[in-house]
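K.L.:
This is run-v7.cif, which holds mmCIF, C-alpha atoms, pLDDT in the B column; chains and numbers go by the auth columns:
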data_model
#
loop_
_atom_site.group_PDB
_atom_site.id
_atom_site.type_symbol
_atom_site.label_atom_id
_atom_site.label_comp_id
_atom_site.label_asym_id
_atom_site.label_seq_id
_atom_site.Cartn_x
_atom_site.Cartn_y
_atom_site.Cartn_z
_atom_site.B_iso_or_equiv
_atom_site.auth_seq_id
_atom_site.auth_asym_id
ATOM 1 C CA MET A 1 3.347 -22.299 32.843 60.00 1 A
ATOM 2 C CA LYS A 2 6.421 -24.434 33.371 64.00 2 A
ATOM 3 C CA THR A 3 7.595 -26.747 30.587 71.00 3 A
ATOM 4 C CA ASP A 4 10.654 -28.929 30.067 82.00 4 A
ATOM 5 C CA LYS A 5 11.567 -27.107 26.867 85.00 5 A
ATOM 6 C CA THR A 6 14.942 -25.486 26.479 89.00 6 A
ATOM 7 C CA ASN A 7 15.313 -21.966 25.133 87.00 7 A
ATOM 8 C CA GLN A 8 16.627 -23.389 21.870 89.00 8 A
ATOM 9 C CA GLU A 9 13.509 -25.552 21.511 89.00 9 A
ATOM 10 C CA ARG A 10 11.287 -22.557 22.204 88.00 10 A
ATOM 11 C CA LEU A 11 13.193 -20.500 19.643 87.00 11 A
ATOM 12 C CA ASP A 12 12.872 -23.301 17.060 88.00 12 A
ATOM 13 C CA PHE A 13 9.140 -23.419 17.703 87.00 13 A
ATOM 14 C CA VAL A 14 8.756 -19.661 17.194 86.00 14 A
ATOM 15 C CA VAL A 15 10.853 -19.748 13.997 84.00 15 A
ATOM 16 C CA LYS A 16 8.734 -22.613 12.615 85.00 16 A
ATOM 17 C CA ALA A 17 5.483 -20.928 13.595 83.00 17 A
ATOM 18 C CA LYS A 18 6.579 -17.684 11.945 78.00 18 A
ATOM 19 C CA ALA A 19 7.610 -19.508 8.765 79.00 19 A
ATOM 20 C CA ALA A 20 4.226 -21.277 8.669 80.00 20 A
ATOM 21 C CA TYR A 21 2.442 -17.954 9.180 75.00 21 A
ATOM 22 C CA ARG A 22 4.467 -16.390 6.394 73.00 22 A
ATOM 23 C CA ARG A 23 3.721 -19.252 3.973 74.00 23 A
ATOM 24 C CA ASN A 24 0.052 -18.931 4.822 74.00 24 A
ATOM 25 C CA ALA A 25 0.094 -15.140 4.469 70.00 25 A
ATOM 26 C CA GLN A 26 1.831 -15.308 1.107 72.00 26 A
ATOM 27 C CA SER A 27 -0.622 -17.867 -0.243 81.00 27 A
ATOM 28 C CA MET A 28 -3.577 -15.558 0.501 89.00 28 A
ATOM 29 C CA SER A 29 -5.411 -13.828 -2.319 93.00 29 A
ATOM 30 C CA TRP A 30 -5.401 -10.029 -2.392 95.00 30 A
ATOM 31 C CA GLU A 31 -9.013 -9.976 -1.219 95.00 31 A
ATOM 32 C CA GLU A 32 -8.098 -12.187 1.762 93.00 32 A
ATOM 33 C CA LYS A 33 -5.170 -9.907 2.612 93.00 33 A
ATOM 34 C CA ILE A 34 -7.413 -6.826 2.493 94.00 34 A
ATOM 35 C CA ALA A 35 -9.901 -8.619 4.763 93.00 35 A
ATOM 36 C CA SER A 36 -6.995 -9.322 7.115 91.00 36 A
ATOM 37 C CA ILE A 37 -6.022 -5.602 7.040 93.00 37 A
ATOM 38 C CA GLU A 38 -9.641 -4.739 7.841 93.00 38 A
ATOM 39 C CA ARG A 39 -9.471 -7.031 10.887 92.00 39 A
ATOM 40 C CA MET A 40 -6.170 -5.409 11.957 91.00 40 A
ATOM 41 C CA ARG A 41 -7.759 -1.963 11.649 90.00 41 A
ATOM 42 C CA LYS A 42 -10.712 -3.013 13.788 89.00 42 A
ATOM 43 C CA ALA A 43 -8.423 -4.510 16.436 90.00 43 A
ATOM 44 C CA SER A 44 -6.255 -1.403 16.399 88.00 44 A
ATOM 45 C CA LYS A 45 -9.327 0.834 16.865 85.00 45 A
ATOM 46 C CA ILE A 46 -10.464 -1.246 19.850 88.00 46 A
ATOM 47 C CA ALA A 47 -6.979 -1.141 21.351 87.00 47 A
ATOM 48 C CA LYS A 48 -6.765 2.634 20.855 83.00 48 A
ATOM 49 C CA ALA A 49 -10.119 3.047 22.580 85.00 49 A
ATOM 50 C CA GLY A 50 -8.670 1.212 25.569 80.00 50 A
ATOM 51 C CA ASN A 51 -11.178 -1.612 25.323 62.00 51 A
ATOM 52 C CA VAL A 52 -8.528 -4.287 25.717 58.00 52 A
ATOM 53 C CA ARG A 53 -9.187 -7.535 27.528 58.00 53 A
ATOM 54 C CA LYS A 54 -6.645 -7.854 30.317 54.00 54 A
ATOM 55 C CA SER A 55 -5.125 -11.221 31.009 50.00 55 A
ATOM 56 C CA ALA A 56 -5.631 -12.531 34.533 45.00 56 A
ATOM 57 C CA MET B 1 -16.345 -5.313 0.730 52.00 1 B
ATOM 58 C CA GLU B 2 -16.085 -1.580 1.276 82.00 2 B
ATOM 59 C CA LEU B 3 -12.789 -1.207 -0.527 92.00 3 B
ATOM 60 C CA LYS B 4 -14.722 -2.121 -3.664 94.00 4 B
ATOM 61 C CA GLU B 5 -16.850 1.002 -3.261 94.00 5 B
ATOM 62 C CA ALA B 6 -13.737 3.166 -3.138 95.00 6 B
ATOM 63 C CA LEU B 7 -12.171 1.496 -6.189 96.00 7 B
ATOM 64 C CA ASP B 8 -15.481 1.695 -8.049 95.00 8 B
ATOM 65 C CA ALA B 9 -15.657 5.406 -7.303 95.00 9 B
ATOM 66 C CA LEU B 10 -12.109 5.968 -8.602 96.00 10 B
ATOM 67 C CA ASN B 11 -12.988 4.060 -11.791 97.00 11 B
ATOM 68 C CA SER B 12 -16.090 6.244 -12.196 96.00 12 B
ATOM 69 C CA LEU B 13 -13.955 9.403 -11.896 94.00 13 B
ATOM 70 C CA LYS B 14 -11.770 8.173 -14.717 94.00 14 B
ATOM 71 C CA GLN B 15 -14.729 7.182 -16.893 95.00 15 B
ATOM 72 C CA ALA B 16 -16.334 10.588 -16.331 93.00 16 B
ATOM 73 C CA GLY B 17 -13.106 12.380 -17.305 92.00 17 B
ATOM 74 C CA VAL B 18 -12.678 14.034 -13.897 91.00 18 B
ATOM 75 C CA ILE B 19 -9.237 12.450 -13.707 93.00 19 B
ATOM 76 C CA GLU B 20 -7.030 11.118 -16.472 93.00 20 B
ATOM 77 C CA ASP B 21 -5.852 8.034 -14.630 95.00 21 B
ATOM 78 C CA TYR B 22 -5.119 6.710 -11.159 97.00 22 B
ATOM 79 C CA ALA B 23 -3.250 3.938 -9.404 98.00 23 B
ATOM 80 C CA SER B 24 -3.142 2.817 -5.799 98.00 24 B
ATOM 81 C CA GLY B 25 0.123 2.861 -3.897 97.00 25 B
ATOM 82 C CA GLY B 26 1.091 2.385 -0.262 97.00 26 B
ATOM 83 C CA ALA B 27 0.238 -0.579 1.903 96.00 27 B
ATOM 84 C CA ILE B 28 -2.917 -1.516 -0.013 97.00 28 B
ATOM 85 C CA ALA B 29 -1.008 -1.917 -3.285 98.00 29 B
ATOM 86 C CA ALA B 30 1.935 -3.573 -1.505 97.00 30 B
ATOM 87 C CA SER B 31 -0.414 -6.173 -0.024 96.00 31 B
ATOM 88 C CA PHE B 32 -1.076 -7.431 -3.552 96.00 32 B
ATOM 89 C CA TYR B 33 2.543 -8.636 -3.684 95.00 33 B
ATOM 90 C CA ILE B 34 3.688 -9.171 -0.100 94.00 34 B
ATOM 91 C CA GLU B 35 2.279 -9.944 3.343 91.00 35 B
ATOM 92 C CA ALA B 36 -0.440 -7.606 4.469 91.00 36 B
ATOM 93 C CA VAL B 37 0.437 -4.962 7.049 91.00 37 B
ATOM 94 C CA ASN B 38 -1.950 -2.678 8.861 91.00 38 B
ATOM 95 C CA THR B 39 -2.773 0.651 7.256 93.00 39 B
ATOM 96 C CA GLU B 40 -5.106 3.522 7.980 90.00 40 B
ATOM 97 C CA ASP B 41 -6.020 4.498 4.430 94.00 41 B
ATOM 98 C CA VAL B 42 -5.972 3.908 0.692 96.00 42 B
ATOM 99 C CA ASP B 43 -3.423 6.035 -1.166 97.00 43 B
ATOM 100 C CA ALA B 44 -4.879 6.955 -4.569 97.00 44 B
ATOM 101 C CA PHE B 45 -2.347 8.688 -6.816 97.00 45 B
ATOM 102 C CA LEU B 46 -3.817 10.350 -9.873 94.00 46 B
ATOM 103 C CA PHE B 47 -3.383 12.475 -12.943 89.00 47 B
ATOM 104 C CA MET B 48 -5.920 15.246 -12.897 80.00 48 B
ATOM 105 C CA SER B 49 -7.754 16.577 -15.935 66.00 49 B
ATOM 106 C CA PRO B 50 -7.055 20.334 -15.796 62.00 50 B
ATOM 107 C CA GLY B 51 -10.049 22.554 -16.447 59.00 51 B
ATOM 108 C CA GLU B 52 -9.893 24.835 -19.459 51.00 52 B
ATOM 109 C CA GLY B 53 -7.833 27.905 -18.679 50.00 53 B
ATOM 110 C CA ALA B 54 -7.099 26.718 -15.164 55.00 54 B
ATOM 111 C CA LEU B 55 -3.590 27.605 -14.138 50.00 55 B
ATOM 112 C CA LEU B 56 -3.767 25.863 -10.790 59.00 56 B
ATOM 113 C CA LEU B 57 -5.109 22.372 -10.420 66.00 57 B
ATOM 114 C CA SER B 58 -7.859 22.148 -7.840 79.00 58 B
ATOM 115 C CA LEU B 59 -8.923 19.027 -5.984 85.00 59 B
ATOM 116 C CA SER B 60 -12.484 20.341 -5.602 88.00 60 B
ATOM 117 C CA PRO B 61 -13.936 18.647 -8.713 89.00 61 B
ATOM 118 C CA ILE B 62 -12.569 15.315 -7.458 92.00 62 B
ATOM 119 C CA TYR B 63 -13.950 15.738 -3.940 93.00 63 B
ATOM 120 C CA ASP B 64 -17.309 16.875 -5.348 93.00 64 B
ATOM 121 C CA ALA B 65 -17.524 13.893 -7.703 94.00 65 B
ATOM 122 C CA LEU B 66 -16.534 11.461 -4.928 95.00 66 B
ATOM 123 C CA LYS B 67 -19.190 12.932 -2.630 95.00 67 B
ATOM 124 C CA LYS B 68 -21.812 12.279 -5.335 95.00 68 B
ATOM 125 C CA LEU B 69 -20.577 8.686 -5.454 94.00 69 B
ATOM 126 C CA GLY B 70 -21.210 8.176 -1.740 93.00 70 B
ATOM 127 C CA GLY B 71 -17.899 9.363 -0.299 95.00 71 B
ATOM 128 C CA VAL B 72 -17.777 11.389 2.904 95.00 72 B
ATOM 129 C CA VAL B 73 -15.162 14.139 3.040 93.00 73 B
ATOM 130 C CA GLU B 74 -13.270 14.097 6.328 92.00 74 B
ATOM 131 C CA GLU B 75 -10.311 16.460 6.532 87.00 75 B
ATOM 132 C CA GLU B 76 -7.958 15.451 3.725 88.00 76 B
ATOM 133 C CA TYR B 77 -9.668 12.078 3.179 94.00 77 B
ATOM 134 C CA VAL B 78 -12.770 10.883 1.363 95.00 78 B
ATOM 135 C CA ARG B 79 -14.197 7.961 3.292 94.00 79 B
ATOM 136 C CA PHE B 80 -16.031 5.034 1.717 94.00 80 B
ATOM 137 C CA GLY B 81 -17.493 2.893 4.465 90.00 81 B
ATOM 138 C CA GLU B 82 -14.579 2.258 6.814 89.00 82 B
ATOM 139 C CA TRP B 83 -11.920 3.136 4.241 94.00 83 B
ATOM 140 C CA PRO B 84 -10.517 6.662 4.093 95.00 84 B
ATOM 141 C CA VAL B 85 -9.096 7.399 0.636 96.00 85 B
ATOM 142 C CA LEU B 86 -6.238 9.889 0.398 96.00 86 B
ATOM 143 C CA ILE B 87 -6.223 11.693 -2.949 94.00 87 B
ATOM 144 C CA LEU B 88 -2.657 12.423 -4.052 94.00 88 B
ATOM 145 C CA PRO B 89 -2.118 14.240 -7.352 92.00 89 B
ATOM 146 C CA ALA B 90 1.021 13.121 -9.196 91.00 90 B
ATOM 147 C CA TYR B 91 3.487 15.608 -7.781 83.00 91 B
ATOM 148 C CA LYS B 92 6.839 14.507 -9.210 92.00 92 B
ATOM 149 C CA PRO B 93 8.249 12.555 -12.161 95.00 93 B
ATOM 150 C CA LEU B 94 8.713 9.381 -10.082 97.00 94 B
ATOM 151 C CA VAL B 95 5.007 9.295 -9.209 96.00 95 B
ATOM 152 C CA GLU B 96 3.975 10.207 -12.766 95.00 96 B
ATOM 153 C CA GLU B 97 5.976 7.291 -14.116 97.00 97 B
ATOM 154 C CA ALA B 98 4.543 5.011 -11.431 98.00 98 B
ATOM 155 C CA ILE B 99 0.980 5.814 -12.549 97.00 99 B
ATOM 156 C CA LYS B 100 1.857 5.423 -16.238 96.00 100 B
ATOM 157 C CA ASN B 101 3.464 2.032 -15.592 98.00 101 B
ATOM 158 C CA ALA B 102 0.906 0.745 -13.071 98.00 102 B
ATOM 159 C CA ALA B 103 -0.270 -2.852 -13.263 98.00 103 B
ATOM 160 C CA ASN B 104 -3.856 -3.683 -14.199 98.00 104 B
ATOM 161 C CA VAL B 105 -5.266 -6.043 -11.574 97.00 105 B
ATOM 162 C CA LYS B 106 -8.628 -7.122 -10.216 96.00 106 B
ATOM 163 C CA TYR B 107 -10.017 -6.790 -6.724 96.00 107 B
ATOM 164 C CA GLY B 108 -12.898 -9.241 -6.765 94.00 108 B
ATOM 165 C CA ASP B 109 -14.680 -8.286 -9.969 94.00 109 B
ATOM 166 C CA ILE B 110 -13.420 -4.682 -9.974 96.00 110 B
ATOM 167 C CA ALA B 111 -10.647 -3.786 -12.417 97.00 111 B
ATOM 168 C CA THR B 112 -8.136 -1.436 -10.851 98.00 112 B
ATOM 169 C CA ARG B 113 -4.538 -0.256 -11.129 98.00 113 B
ATOM 170 C CA ILE B 114 -1.729 -0.556 -8.610 98.00 114 B
ATOM 171 C CA PHE B 115 1.926 0.455 -8.660 98.00 115 B
ATOM 172 C CA THR B 116 4.432 -2.211 -9.653 98.00 116 B
ATOM 173 C CA PRO B 117 6.742 -3.573 -6.912 98.00 117 B
ATOM 174 C CA GLU B 118 9.699 -1.564 -8.250 98.00 118 B
ATOM 175 C CA PHE B 119 7.793 1.745 -8.197 98.00 119 B
ATOM 176 C CA LEU B 120 6.318 0.936 -4.765 98.00 120 B
ATOM 177 C CA CYS B 121 9.853 0.431 -3.453 98.00 121 B
ATOM 178 C CA ALA B 122 11.288 3.510 -5.193 98.00 122 B
ATOM 179 C CA ILE B 123 8.477 5.700 -3.825 98.00 123 B
ATOM 180 C CA ALA B 124 8.946 4.149 -0.373 98.00 124 B
ATOM 181 C CA LEU B 125 12.664 5.046 -0.517 98.00 125 B
ATOM 182 C CA ASP B 126 11.760 8.549 -1.648 97.00 126 B
ATOM 183 C CA THR B 127 9.221 8.972 1.180 96.00 127 B
ATOM 184 C CA GLY B 128 11.820 7.716 3.632 96.00 128 B
ATOM 185 C CA ARG B 129 9.918 6.946 6.845 96.00 129 B
ATOM 186 C CA LEU B 130 10.894 3.961 8.960 96.00 130 B
ATOM 187 C CA LYS B 131 7.858 1.987 7.767 95.00 131 B
ATOM 188 C CA ASP B 132 8.771 2.749 4.147 97.00 132 B
ATOM 189 C CA TYR B 133 12.256 1.247 4.556 97.00 133 B
ATOM 190 C CA TYR B 134 10.647 -1.761 6.251 96.00 134 B
ATOM 191 C CA ARG B 135 8.360 -2.156 3.236 96.00 135 B
ATOM 192 C CA VAL B 136 11.318 -2.185 0.849 97.00 136 B
ATOM 193 C CA ALA B 137 13.045 -4.749 3.073 96.00 137 B
ATOM 194 C CA SER B 138 9.901 -6.893 3.007 94.00 138 B
ATOM 195 C CA PHE B 139 9.771 -6.819 -0.798 96.00 139 B
ATOM 196 C CA ILE B 140 13.417 -7.907 -0.915 96.00 140 B
ATOM 197 C CA GLU B 141 13.010 -10.578 1.759 92.00 141 B
ATOM 198 C CA GLN B 142 9.961 -12.036 0.092 90.00 142 B
ATOM 199 C CA ARG B 143 11.646 -11.848 -3.316 92.00 143 B
ATOM 200 C CA GLN B 144 8.848 -9.846 -4.861 94.00 144 B
ATOM 201 C CA VAL B 145 10.897 -7.117 -6.499 96.00 145 B
ATOM 202 C CA ASP B 146 13.204 -7.130 -9.519 97.00 146 B
ATOM 203 C CA MET B 147 16.396 -5.768 -7.920 97.00 147 B
ATOM 204 C CA GLY B 148 17.974 -5.008 -11.306 97.00 148 B
ATOM 205 C CA LYS B 149 15.092 -2.725 -12.251 98.00 149 B
ATOM 206 C CA LEU B 150 14.919 -1.216 -8.772 98.00 150 B
ATOM 207 C CA ARG B 151 18.653 -0.412 -8.753 97.00 151 B
ATOM 208 C CA GLU B 152 18.271 1.355 -12.104 98.00 152 B
ATOM 209 C CA MET B 153 15.383 3.408 -10.731 98.00 153 B
ATOM 210 C CA VAL B 154 17.307 4.239 -7.568 98.00 154 B
ATOM 211 C CA LYS B 155 20.078 5.656 -9.770 98.00 155 B
ATOM 212 C CA GLN B 156 17.672 7.453 -12.105 97.00 156 B
ATOM 213 C CA TYR B 157 15.817 9.198 -9.276 97.00 157 B
ATOM 214 C CA GLY B 158 18.866 9.877 -7.076 97.00 158 B
ATOM 215 C CA LEU B 159 17.816 7.624 -4.207 98.00 159 B
ATOM 216 C CA GLU B 160 21.182 5.895 -3.640 97.00 160 B
ATOM 217 C CA ASP B 161 21.669 7.473 -0.191 97.00 161 B
ATOM 218 C CA ARG B 162 18.353 6.097 1.031 97.00 162 B
ATOM 219 C CA THR B 163 19.263 2.475 0.363 97.00 163 B
ATOM 220 C CA LYS B 164 21.632 2.395 3.367 96.00 164 B
ATOM 221 C CA ASN B 165 18.505 2.472 5.548 97.00 165 B
ATOM 222 C CA VAL B 166 17.270 -0.807 4.098 97.00 166 B
ATOM 223 C CA LEU B 167 18.994 -3.489 6.156 93.00 167 B
ATOM 224 C CA ASN B 168 18.865 -6.220 3.509 95.00 168 B
ATOM 225 C CA TRP B 169 19.519 -3.992 0.484 95.00 169 B
ATOM 226 C CA ASN B 170 22.709 -5.853 -0.452 90.00 170 B
ATOM 227 C CA GLN B 171 21.211 -9.276 0.156 80.00 171 B
ATOM 228 C CA ASN B 172 21.052 -11.401 -3.007 61.00 172 B
ATOM 229 C CA GLU B 173 23.502 -9.198 -4.933 60.00 173 B
ATOM 230 C CA ASP B 174 23.115 -11.469 -7.948 49.00 174 B
ATOM 231 C CA ARG B 175 19.400 -10.705 -8.306 48.00 175 B
#
Let me see the file written as structure tokens.

P.N.:
Amino acid sequence: MKTDKTNQERLDFVVKAKAAYRRNAQSMSWEEKIASIERMRKASKIAKAGNVRKSA
Amino acid sequence: MELKEALDALNSLKQAGVIEDYASGGAIAASFYIEAVNTEDVDAFLFMSPGEGALLLSLSPIYDALKKLGGVVEEEYVRFGEWPVLILPAYKPLVEEAIKNAANVKYGDIATRIFTPEFLCAIALDTGRLKDYYRVASFIEQRQVDMGKLREMVKQYGLEDRTKNVLNWNQNEDR
């Protein structure tokens, strides 16, 4: 997809998105973090089994 | 929540006197303080209750008791639901101190014990895999570790050499 954004603008977007993710991740309770680990484990199992959806 | 089953089982072992005490370490304990990262298992470090006259400590009584509590033994793990628990007897002074000084926390309504950030970092430095150094760096970056205390422990347990592998070790020198 073509956009008018410069590389600097893209980088700024990624940095902001990562900072927002980090704030969100740090505000999670322990139980929420464990639930998130459980989701990561499931995803990792699926990926290891080769059942990965391929992008078109 | 299947992790609850595992923590419940560890609490039962302690109540029954099969073990003296336990505390979780590794990524599960670290996730209490910092961002969660993927992990394959729960690391349960423990003090065992030696049987009378036993010269060598055996893990069998622990595995047997965990099986009775619904655990499934798979190689070196005992699995509760989807969570494999790795039983690790306290094998060196650093780990012994980590268990003794563990923090009392709650997971849902289950009381449990986890290593403090400083012991998690010191043990990570001692273990010395790439992911362990990354964990220490994460604690520092997210300002979740008392660097004064950690530096003292690094000196006490002779881990100074390992700190060069932590990219942000000298960040925030004043902390």

K.L.:
Just how far from CA of Gly25 in chain B is CA of Leu120 in chain B, in Å to one decimal?

P.N.:
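Pair CA of Leu120 in chain B / CA of Gly25 in chain B returns 6.5 Å.
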
K.L.:
For the contact check between chain B and chain A, emit one row per residue of chain B within 7 Å, containing the shortest atom pair and the distance in Å rounded to one decimal, counting only C-alpha atoms, chain then rising number order, as a Markdown table.

P.N.:
| residue | atom | partner | partner_atom | distance |
| --- | --- | --- | --- | --- |
| B:Ser31 | CA | A:Lys33 | CA | 6.6 |
| B:Phe32 | CA | A:Trp30 | CA | 5.2 |
| B:Ile34 | CA | A:Gln26 | CA | 6.5 |
| B:Glu35 | CA | A:Ala25 | CA | 5.7 |
| B:Ala36 | CA | A:Lys33 | CA | 5.6 |
| B:Val37 | CA | A:Ile37 | CA | 6.5 |
| B:Asn38 | CA | A:Ile37 | CA | 5.3 |
| B:Tyr107 | CA | A:Glu31 | CA | 6.4 |
| B:Gly108 | CA | A:Glu31 | CA | 6.8 |

K.L.:
For the structure shown, which residues end up in the PyMOL selection byres ((chain B and resi 138-147) around 7)? Put them as a list in words, please?

P.N.:
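When the PyMOL selection byres ((chain B and resi 138-147) around 7) is applied, the selected residues are Tyr33, Ile34, Pro117, Glu118, Tyr134, Arg135, Val136, Ala137, Gly148, Lys149, Leu150, Arg151 and Arg175 of chain B.
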
K.L.:
Residues at most 8 Å from Phe47 in chain B, counting all atoms listed in the file, excluding those fewer than 3 positions away in the same chain, as a PyMOL selection string?

P.N.:
chain B and resi 19-22+89-90+96+99

K.L.:
Could you state which residues are captured by the PyMOL selection byres ((chain B and resi 66) around 9) in this file, as an mmCIF file with C-alpha atoms, in the coordinates of the input?

P.N.:
data_model
loop_
_atom_site.group_PDB
_atom_site.id
_atom_site.type_symbol
_atom_site.label_atom_id
_atom_site.label_comp_id
_atom_site.auth_asym_id
_atom_site.auth_seq_id
_atom_site.Cartn_x
_atom_site.Cartn_y
_atom_site.Cartn_z
ATOM 1 C CA ALA B 6 -13.737 3.166 -3.138
ATOM 2 C CA ALA B 9 -15.657 5.406 -7.303
ATOM 3 C CA LEU B 10 -12.109 5.968 -8.602
ATOM 4 C CA SER B 12 -16.090 6.244 -12.196
ATOM 5 C CA LEU B 13 -13.955 9.403 -11.896
ATOM 6 C CA PRO B 61 -13.936 18.647 -8.713
ATOM 7 C CA ILE B 62 -12.569 15.315 -7.458
ATOM 8 C CA TYR B 63 -13.950 15.738 -3.940
ATOM 9 C CA ASP B 64 -17.309 16.875 -5.348
ATOM 10 C CA ALA B 65 -17.524 13.893 -7.703
ATOM 11 C CA LYS B 67 -19.190 12.932 -2.630
ATOM 12 C CA LYS B 68 -21.812 12.279 -5.335
ATOM 13 C CA LEU B 69 -20.577 8.686 -5.454
ATOM 14 C CA GLY B 70 -21.210 8.176 -1.740
ATOM 15 C CA GLY B 71 -17.899 9.363 -0.299
ATOM 16 C CA VAL B 72 -17.777 11.389 2.904
ATOM 17 C CA VAL B 73 -15.162 14.139 3.040
ATOM 18 C CA VAL B 78 -12.770 10.883 1.363
#

K.L.:
Interatomic distance between CA of Leu59 in chain B and CA of Asp126 in chain B?

P.N.:
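Taking CA of Leu59 in chain B as the start and CA of Asp126 in chain B as the end point, the length is 23.6 Å.
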
K.L.:
Using CA of Phe80 in chain B and CA of Arg129 in chain B as the two end points, give the distance in Å to one decimal.

P.N.:
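According to the coordinates, CA of Phe80 in chain B and CA of Arg129 in chain B are separated by 26.5 Å.
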
K.L.:
Nearest residue to Ala98 in chain B out of B:Val18, B:Asn170, B:Asn165, B:Phe45, using only C-alpha atoms?

P.N.:
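So, comparing all the options, the nearest one is B:Phe45.
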